[in-house]
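upload.txt follows (compact mmCIF, C-alpha atoms (C1' of nucleotides)):
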# COMPACT_ATOMS: atom_id res chain seq x y z
CA MET A 1 50.80 132.72 71.98
CA GLU A 2 47.96 134.02 69.91
CA LEU A 3 47.28 132.58 66.47
CA SER A 4 46.87 135.66 64.32
CA CYS A 5 44.26 135.94 61.65
CA LYS A 6 47.06 136.50 59.15
CA SER A 7 48.75 133.19 59.86
CA GLU A 8 45.50 131.25 59.88
CA TYR A 9 44.52 132.71 56.52
CA ALA A 10 47.93 131.87 55.12
CA ILE A 11 47.78 128.27 56.27
CA LEU A 12 44.24 127.85 54.96
CA ALA A 13 45.32 129.18 51.58
CA LEU A 14 48.32 126.87 51.44
CA LEU A 15 46.12 123.91 52.36
CA GLU A 16 43.94 124.79 49.40
CA LEU A 17 46.98 124.98 47.16
CA ALA A 18 48.19 121.66 48.55
CA ALA A 19 44.89 120.03 47.63
CA HIS A 20 45.35 121.08 44.01
CA TYR A 21 49.08 120.54 43.89
CA ASP A 22 48.87 117.31 41.92
CA SER A 23 47.02 118.94 39.05
CA GLY A 24 50.05 121.11 38.37
CA GLU A 25 47.82 124.04 37.48
CA PRO A 26 47.76 127.35 39.32
CA LEU A 27 44.92 128.36 41.63
CA GLN A 28 43.57 131.90 41.56
CA ILE A 29 43.27 134.15 44.57
CA ARG A 30 39.54 134.50 44.01
CA GLN A 31 38.94 130.76 44.17
CA ILE A 32 40.98 130.30 47.33
CA ALA A 33 39.31 133.28 48.98
CA ALA A 34 35.84 132.05 48.05
CA GLU A 35 36.55 128.52 49.26
CA GLN A 36 37.95 129.55 52.64
CA ASN A 37 35.98 132.75 53.27
CA ILE A 38 38.99 135.05 53.21
CA PRO A 39 38.82 138.67 52.00
CA ASP A 40 40.49 138.38 48.62
CA ARG A 41 42.34 141.71 48.61
CA TYR A 42 43.85 140.79 51.96
CA LEU A 43 44.78 137.29 50.88
CA GLU A 44 46.58 138.86 47.94
CA GLN A 45 49.02 140.56 50.28
CA LEU A 46 49.64 137.39 52.24
CA LEU A 47 50.33 135.38 49.10
CA ALA A 48 52.68 138.10 47.88
CA THR A 49 54.58 137.85 51.15
CA MET A 50 54.82 134.09 50.86
CA ARG A 51 55.96 134.40 47.28
CA ARG A 52 58.82 136.65 48.40
CA SER A 53 59.68 134.02 51.03
CA GLY A 54 59.78 131.33 48.38
CA LEU A 55 56.86 129.29 49.70
CA VAL A 56 54.70 129.73 46.60
CA ARG A 57 55.29 130.65 42.99
CA SER A 58 52.99 132.87 40.97
CA GLN A 59 51.99 132.95 37.35
CA ARG A 60 50.83 136.28 35.99
CA GLY A 61 48.29 137.05 33.33
CA ALA A 62 45.11 135.27 32.35
CA LYS A 63 44.90 131.65 33.57
CA GLY A 64 47.51 132.63 36.13
CA GLY A 65 47.46 132.05 39.87
CA TYR A 66 49.55 130.49 42.61
CA ILE A 67 51.26 127.12 43.04
CA LEU A 68 53.18 125.68 45.96
CA ALA A 69 56.89 126.15 45.41
CA ARG A 70 57.60 122.64 46.73
CA GLU A 71 55.75 119.52 47.77
CA PRO A 72 53.20 119.78 50.59
CA TRP A 73 55.23 117.55 52.89
CA LYS A 74 58.20 119.88 52.55
CA ILE A 75 56.36 122.91 53.92
CA SER A 76 55.96 123.10 57.67
CA LEU A 77 53.72 125.34 59.72
CA LEU A 78 56.87 126.99 61.02
CA ASP A 79 57.80 127.95 57.46
CA VAL A 80 54.44 129.61 57.01
CA VAL A 81 54.37 131.44 60.33
CA GLU A 82 57.93 132.71 59.97
CA SER A 83 57.19 133.91 56.47
CA ILE A 84 53.97 135.66 57.35
CA GLU A 85 54.92 136.98 60.76
CA GLY A 86 58.11 138.50 59.43
CA LEU A 87 60.65 136.08 60.93
CA ASP A 88 60.91 138.15 64.08
CA SER A 89 60.72 134.96 66.08
CA GLN A 90 63.95 135.31 67.99
CA PRO A 91 65.38 138.77 68.26
CA PRO A 92 68.99 138.31 69.38
CA GLU A 93 68.43 140.63 72.34
CA PRO A 94 65.16 141.62 74.03
CA LYS A 95 65.70 145.33 73.48
CA GLN A 96 68.70 147.18 72.18
CA GLY A 97 71.25 145.90 74.63
CA THR A 98 69.56 144.81 77.84
CA LYS A 99 72.94 144.80 79.56
CA SER A 100 71.46 143.54 82.83
CA VAL A 101 72.19 139.96 83.80
CA GLU A 102 68.55 139.52 84.78
CA GLY A 103 67.44 140.46 81.29
CA MET A 104 69.73 137.88 79.76
CA VAL A 105 68.54 135.09 82.03
CA ILE A 106 64.90 135.91 81.34
CA TRP A 107 65.53 136.07 77.63
CA GLU A 108 67.25 132.68 77.60
CA ALA A 109 64.30 131.06 79.31
CA TRP A 110 61.96 132.72 76.85
CA LYS A 111 64.01 131.58 73.91
CA GLU A 112 63.88 128.03 75.21
CA ALA A 113 60.08 128.24 75.23
CA CYS A 114 60.07 129.65 71.70
CA LEU A 115 62.26 126.83 70.47
CA ALA A 116 59.93 124.27 72.00
CA ALA A 117 56.95 125.79 70.22
CA GLU A 118 58.83 126.08 66.97
CA ALA A 119 59.86 122.45 67.15
CA VAL A 120 56.19 121.50 67.28
CA LEU A 121 55.31 123.76 64.36
CA GLN A 122 58.25 122.41 62.41
CA LYS A 123 57.05 118.82 62.48
CA HIS A 124 53.56 119.67 61.24
CA THR A 125 53.57 119.88 57.45
CA LEU A 126 50.85 120.88 55.04
CA GLN A 127 50.57 117.21 54.09
CA ASP A 128 49.95 116.24 57.71
CA LEU A 129 47.21 118.79 58.12
CA ALA A 130 45.60 117.83 54.83
CA ASP A 131 45.60 114.17 55.88
CA LYS A 132 44.09 115.02 59.26
CA ARG A 133 41.46 117.14 57.57
CA ASP A 134 40.53 114.27 55.26
CA ALA A 135 40.31 111.82 58.12
CA ARG A 136 38.14 114.23 60.07
CA GLN A 137 35.81 114.69 57.14
CA GLN A 138 35.50 110.94 56.66
CA LEU A 139 34.58 110.66 60.32
CA ASP A 140 31.94 113.39 60.03
CA LEU A 141 30.48 111.60 57.04
CA MET A 142 30.21 108.33 58.95
CA TYR A 143 28.38 110.01 61.79
CA TYR A 144 26.06 111.61 59.29
CA ILE A 145 25.07 108.27 57.83
CA MET B 1 56.47 134.42 70.16
CA GLU B 2 57.48 137.88 71.20
CA LEU B 3 58.48 138.61 74.79
CA SER B 4 56.56 141.77 75.55
CA CYS B 5 58.02 144.62 77.49
CA LYS B 6 55.20 144.16 80.00
CA SER B 7 56.11 140.59 80.81
CA GLU B 8 59.81 141.30 81.03
CA TYR B 9 59.19 144.18 83.43
CA ALA B 10 56.94 141.97 85.52
CA ILE B 11 59.51 139.19 85.78
CA LEU B 12 62.28 141.65 86.59
CA ALA B 13 60.17 143.12 89.37
CA LEU B 14 59.36 139.71 90.81
CA LEU B 15 63.03 138.77 90.72
CA GLU B 16 63.73 141.84 92.77
CA LEU B 17 61.00 140.87 95.22
CA ALA B 18 62.39 137.35 95.35
CA ALA B 19 65.82 138.67 96.31
CA HIS B 20 64.33 140.46 99.31
CA TYR B 21 61.83 137.78 100.17
CA ASP B 22 63.81 136.43 103.14
CA SER B 23 63.79 139.79 104.89
CA GLY B 24 60.01 139.61 105.17
CA GLU B 25 59.73 143.33 104.57
CA PRO B 26 57.90 144.93 101.66
CA LEU B 27 59.70 146.56 98.73
CA GLN B 28 58.44 149.82 97.29
CA ILE B 29 57.63 150.41 93.66
CA ARG B 30 60.15 153.22 93.48
CA GLN B 31 63.01 151.03 94.62
CA ILE B 32 62.19 148.22 92.19
CA ALA B 33 61.79 150.69 89.36
CA ALA B 34 65.08 152.40 90.12
CA GLU B 35 66.96 149.12 90.45
CA GLN B 36 65.68 147.66 87.17
CA ASN B 37 65.21 150.84 85.12
CA ILE B 38 61.45 150.51 84.79
CA PRO B 39 59.11 153.50 84.52
CA ASP B 40 57.56 153.53 87.98
CA ARG B 41 54.03 154.58 87.03
CA TYR B 42 53.91 151.75 84.51
CA LEU B 43 55.31 149.21 86.95
CA GLU B 44 52.57 150.24 89.35
CA GLN B 45 49.95 148.97 86.93
CA LEU B 46 51.74 145.70 86.40
CA LEU B 47 52.09 145.06 90.12
CA ALA B 48 48.40 145.88 90.59
CA THR B 49 47.57 143.28 87.96
CA MET B 50 49.74 140.68 89.64
CA ARG B 51 48.21 141.51 93.00
CA ARG B 52 44.76 140.81 91.56
CA SER B 53 46.12 137.49 90.24
CA GLY B 54 47.42 136.60 93.69
CA LEU B 55 51.11 136.58 92.80
CA VAL B 56 52.05 139.40 95.16
CA ARG B 57 50.55 141.02 98.23
CA SER B 58 50.61 144.73 98.93
CA GLN B 59 50.83 146.79 102.06
CA ARG B 60 49.42 150.29 101.91
CA GLY B 61 50.51 153.39 103.73
CA ALA B 62 53.92 154.53 104.88
CA LYS B 63 56.57 151.76 104.94
CA GLY B 64 54.30 149.85 102.59
CA GLY B 65 55.18 148.09 99.38
CA TYR B 66 54.95 144.68 97.77
CA ILE B 67 55.88 141.17 98.89
CA LEU B 68 55.72 137.87 97.01
CA ALA B 69 52.52 136.05 97.90
CA ARG B 70 54.39 132.73 98.05
CA GLU B 71 57.91 131.37 97.99
CA PRO B 72 60.06 132.12 94.91
CA TRP B 73 60.24 128.46 93.92
CA LYS B 74 56.45 128.29 93.84
CA ILE B 75 56.09 130.99 91.18
CA SER B 76 56.77 129.97 87.60
CA LEU B 77 57.32 132.15 84.58
CA LEU B 78 54.05 130.81 83.22
CA ASP B 79 52.26 132.19 86.27
CA VAL B 80 53.69 135.61 85.58
CA VAL B 81 53.02 135.65 81.87
CA GLU B 82 49.47 134.39 82.25
CA SER B 83 48.80 136.97 84.91
CA ILE B 84 50.25 139.87 82.99
CA GLU B 85 49.14 138.89 79.50
CA GLY B 86 45.57 138.38 80.64
CA LEU B 87 45.40 134.56 80.52
CA ASP B 88 44.28 134.58 76.90
CA SER B 89 46.72 131.78 76.23
CA GLN B 90 44.30 129.27 74.77
CA PRO B 91 41.05 130.58 73.44
CA PRO B 92 38.76 127.55 73.06
CA GLU B 93 38.09 128.46 69.43
CA PRO B 94 40.17 130.57 67.04
CA LYS B 95 37.33 132.91 66.20
CA GLN B 96 33.67 132.72 67.10
CA GLY B 97 32.93 129.34 65.59
CA THR B 98 35.43 128.50 62.88
CA LYS B 99 33.10 125.78 61.69
CA SER B 100 35.51 124.66 58.96
CA VAL B 101 37.39 121.41 59.50
CA GLU B 102 40.57 123.09 58.28
CA GLY B 103 40.31 125.73 60.98
CA MET B 104 39.99 123.06 63.67
CA VAL B 105 43.00 121.11 62.45
CA ILE B 106 45.13 124.24 62.30
CA TRP B 107 44.01 125.31 65.73
CA GLU B 108 44.85 121.92 67.25
CA ALA B 109 48.37 122.08 65.89
CA TRP B 110 48.73 125.59 67.22
CA LYS B 111 47.47 124.58 70.64
CA GLU B 112 50.03 121.79 70.73
CA ALA B 113 52.77 124.35 70.12
CA CYS B 114 51.38 126.61 72.83
CA LEU B 115 51.33 123.76 75.33
CA ALA B 116 54.95 122.94 74.54
CA ALA B 117 55.99 126.52 75.19
CA GLU B 118 53.94 126.73 78.34
CA ALA B 119 55.50 123.53 79.66
CA VAL B 120 58.90 125.18 79.37
CA LEU B 121 57.74 128.35 81.08
CA GLN B 122 56.09 126.29 83.80
CA LYS B 123 59.30 124.60 84.89
CA HIS B 124 61.24 127.85 85.21
CA THR B 125 60.61 129.39 88.63
CA LEU B 126 61.73 132.70 90.08
CA GLN B 127 64.13 130.76 92.25
CA ASP B 128 65.72 129.13 89.20
CA LEU B 129 66.23 132.45 87.47
CA ALA B 130 67.64 134.05 90.61
CA ASP B 131 70.10 131.17 90.99
CA LYS B 132 71.16 131.45 87.37
CA ARG B 133 71.59 135.18 87.75
CA ASP B 134 73.81 134.70 90.79
CA ALA B 135 75.92 132.10 89.02
CA ARG B 136 76.28 134.40 86.02
CA GLN B 137 77.37 137.28 88.22
CA GLN B 138 79.93 135.11 89.97
CA LEU B 139 81.30 134.16 86.59
CA ASP B 140 81.52 137.76 85.47
CA LEU B 141 83.36 138.60 88.65
CA MET B 142 85.92 135.84 88.06
CA TYR B 143 86.59 137.08 84.56
CA TYR B 144 86.98 140.57 85.93
CA ILE B 145 89.67 139.47 88.41
C1' DG C 1 47.75 164.69 111.39
C1' DT C 2 51.07 164.65 108.11
C1' DA C 3 54.12 162.28 105.12
C1' DT C 4 54.36 158.03 102.73
C1' DA C 5 53.03 154.81 99.55
C1' DC C 6 49.56 152.13 97.38
C1' DC C 7 44.96 152.55 94.51
C1' DC C 8 42.01 153.81 90.61
C1' DC C 9 40.86 156.05 86.45
C1' DG C 10 41.63 158.36 82.31
C1' DG C 11 44.34 160.30 78.47
C1' DT C 12 48.20 160.07 74.85
C1' DT C 13 51.25 158.44 71.47
C1' DC C 14 52.72 154.77 68.66
C1' DT C 15 52.64 150.51 66.28
C1' DC C 16 50.47 146.67 64.22
C1' DC C 17 46.48 144.04 62.46
C1' DA C 18 42.68 143.59 59.33
C1' DG C 19 40.71 145.15 55.47
C1' DT C 20 39.78 148.37 51.30
C1' DG C 21 40.95 150.82 47.12
C1' DG C 22 43.36 152.65 42.98
C1' DG C 23 46.18 152.20 39.38
C1' DG C 24 49.83 149.48 36.84
C1' DT C 25 51.87 145.27 34.41
C1' DT C 26 52.01 140.68 32.39
C1' DT C 27 49.89 136.95 29.91
C1' DT C 28 46.24 134.35 27.39
C1' DG C 29 43.15 133.93 23.69
C1' DC C 30 40.81 135.91 19.99
C1' DG D 1 47.05 144.01 18.12
C1' DC D 2 43.63 144.17 21.79
C1' DA D 3 40.80 143.22 25.50
C1' DA D 4 40.01 140.48 29.44
C1' DA D 5 42.09 138.02 33.20
C1' DA D 6 45.03 137.83 36.69
C1' DC D 7 48.88 139.24 39.49
C1' DC D 8 51.66 143.49 41.41
C1' DC D 9 52.54 147.63 44.19
C1' DC D 10 51.41 151.39 47.09
C1' DA D 11 48.72 153.93 50.14
C1' DC D 12 45.00 154.60 53.40
C1' DT D 13 41.61 153.71 57.17
C1' DG D 14 39.65 152.03 61.64
C1' DG D 15 40.34 149.67 65.69
C1' DA D 16 43.07 147.42 69.39
C1' DG D 17 46.72 147.07 72.33
C1' DA D 18 51.45 148.51 74.23
C1' DA D 19 53.89 151.77 76.83
C1' DC D 20 53.57 155.47 79.10
C1' DC D 21 52.17 159.98 82.06
C1' DG D 22 49.27 162.43 85.39
C1' DG D 23 45.64 163.56 88.89
C1' DG D 24 43.32 162.75 92.71
C1' DG D 25 41.77 159.28 96.44
C1' DT D 26 42.79 156.19 100.48
C1' DA D 27 45.10 153.57 104.00
C1' DT D 28 48.91 153.36 107.38
C1' DA D 29 53.16 154.40 110.32
C1' DC D 30 55.25 157.68 113.22
Take the structure in the file and give it back as structure tokens.
Amino acid sequence: MELSCKSEYAILALLELAAHYDSGEPLQIRQIAAEQNIPDRYLEQLLATMRRSGLVRSQRGAKGGYILAREPWKISLLDVVESIEGLDSQPPEPKQGTKSVEGMVIWEAWKEACLAAEAVLQKHTLQDLADKRDARQQLDLMYYI
Amino acid sequence: MELSCKSEYAILALLELAAHYDSGEPLQIRQIAAEQNIPDRYLEQLLATMRRSGLVRSQRGAKGGYILAREPWKISLLDVVESIEGLDSQPPEPKQGTKSVEGMVIWEAWKEACLAAEAVLQKHTLQDLADKRDARQQLDLMYYI
DNA sequence: GTATACCCCGGTTCTCCAGTGGGGTTTTGC
DNA sequence: GCAAAACCCCACTGGAGAACCGGGGTATAC
């Protein structure tokens, strides 16, 4: 149930890409890393993973960078986590056979819990999070004044 | 979202204890381990952890062993997992401050997913799993005949 | 008082996370 | 062309935790 550093970095990076999605221009790893305080060489690996999963597209060479592969409201947190965590969400069997009836019953209950969590992650999109972030920042500003 | 070997062993052991709960007599580590194919020295550690969490009680000396601390329908899978996994389910903050608004928004969504999963685990008790196991075994028997 | 069984502590191997580094390839702009 | 900018790929390290194994201590029944 632990949110890994990897996944958090990935989501932060995608939020940054979502913010610049309308411009149509690619964002560089360095800029994202600087903005969100992420080690850039590490972020590079995460973005490469997400590129292979089809979440982002990359443009090589000078003036290159990364762009979201689709609109921010079409990317859910589940998409990100599954991409970055290696889609090992539901192994078909707990081990390599399990065989025991007890093992099956336990695994079914566990799977039900996983599905419940995934359903929540599925309905949260990058757009949602970006909107919530904006609202939160507006609120902070009002308190400040 | 991964069901660890630890937790599965722990649940298997408690199911075994639940099956012998009516007898009122303690079950020994060796017997549980043999019945469920768990390394006994490892199971010992898990049972010690669950004893410290108050899920089971132990009786030392000859004819000793372990007994459930309360009735099987009063122990949920969430109890077991939290005990065995070290109750690190919801850290109040992702890191040691997070500070960024983005980090907070992400963490809130994640917490929502965790709560959904925990709600599922909460409603599954040892009694439930034991009943399902029995029903499954009956079914297997019918197919066999 | 001895056998039984829990109790505590420490070590070992393995895998994964988090992060760093080197060297290669593609593209822009001159 | 050519150099700089940027992605691309591979490998390595340090630390943490999982899954064990083993030794010696302690309480309890018979």
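The spacing separating CA of Val120 in chain B from CA of Met1 in chain A amounts to 13.3 Å.
Relative to CA of Gly103 in chain B, CA of Pro39 in chain A is found at 15.8 Å.
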Would you tabulate, counting all atoms listed in the file, all residues of chain B that have an atom at most 10 Å from an atom of chain A, showing the closest pair of atoms and their distance in Å to one decimal, sorted by chain then ascending number, as a tab-separated table?
residue	atom	partner	partner_atom	distance
B:Met1	CA	A:Ser89	CA	5.9
B:Glu2	CA	A:Ser89	CA	6.7
B:Leu3	CA	A:Trp110	CA	7.1
B:Ser4	CA	A:Pro94	CA	8.7
B:Cys5	CA	A:Pro94	CA	8.5
B:Ser7	CA	A:Ile106	CA	10.0
B:Glu8	CA	A:Ile106	CA	7.4
B:Tyr9	CA	A:Gly103	CA	9.3
B:Ile11	CA	A:Ile106	CA	7.7
B:Leu12	CA	A:Glu102	CA	6.9
B:Leu15	CA	A:Glu102	CA	8.1
B:Glu16	CA	A:Glu102	CA	9.6
B:Gln36	CA	A:Ser100	CA	8.3
B:Asn37	CA	A:Ser100	CA	9.9
B:Leu77	CA	A:Ala109	CA	8.8
B:Glu85	CA	A:Met1	CA	9.9
B:Asp88	CA	A:Glu2	CA	7.9
B:Ser89	CA	A:Met1	CA	6.0
B:Gln90	CA	A:Glu2	CA	7.7
B:Pro91	CA	A:Glu2	CA	8.5
B:Pro94	CA	A:Leu3	CA	7.4
B:Lys95	CA	A:Cys5	CA	8.8
B:Ser100	CA	A:Gln36	CA	8.4
B:Val101	CA	A:Arg133	CA	6.2
B:Glu102	CA	A:Arg133	CA	6.1
B:Gly103	CA	A:Leu12	CA	7.5
B:Met104	CA	A:Arg133	CA	8.6
B:Val105	CA	A:Leu129	CA	6.5
B:Ile106	CA	A:Leu129	CA	7.2
B:Trp107	CA	A:Leu3	CA	8.0
B:Glu108	CA	A:Leu129	CA	9.9
B:Ala109	CA	A:Leu121	CA	7.3
B:Trp110	CA	A:Leu3	CA	7.2
B:Lys111	CA	A:Met1	CA	8.9
B:Glu112	CA	A:Val120	CA	7.1
B:Ala113	CA	A:Ala117	CA	4.4
B:Cys114	CA	A:Met1	CA	6.2
B:Leu115	CA	A:Ala117	CA	7.9
B:Ala116	CA	A:Ala117	CA	5.5
B:Ala117	CA	A:Ala113	CA	4.4
B:Glu118	CA	A:Ala113	CA	7.0
B:Ala119	CA	A:Ala113	CA	7.9
B:Val120	CA	A:Ala113	CA	5.3
B:Leu121	CA	A:Ala113	CA	6.3
B:Gln122	CA	A:Ala113	CA	9.7
B:Lys123	CA	A:Ala109	CA	9.9
B:His124	CA	A:Ala109	CA	7.4
B:Leu126	CA	A:Ile106	CA	9.8
B:Asp128	CA	A:Val105	CA	9.7
B:Leu129	CA	A:Val105	CA	6.5
B:Ala130	CA	A:Glu102	CA	8.0
B:Asp131	CA	A:Val105	CA	9.9
B:Lys132	CA	A:Val105	CA	7.0
B:Arg133	CA	A:Glu102	CA	6.1
B:Asp134	CA	A:Val101	CA	8.9
B:Arg136	CA	A:Val101	CA	7.3
B:Gln137	CA	A:Val101	CA	7.3
B:Asp140	CA	A:Val101	CA	9.7
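If we count only C-alpha atoms (C1' of nucleotides), these residues of chain C sit within 7 Å of chain A: DG19, DT26, DT27 and DT28 of chain C.
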**Residue hits in chain D, query chain B, radius 10 Å, only C-alpha atoms (C1' of nucleotides), as number ranges by chain** = D: 18-22, 26-30
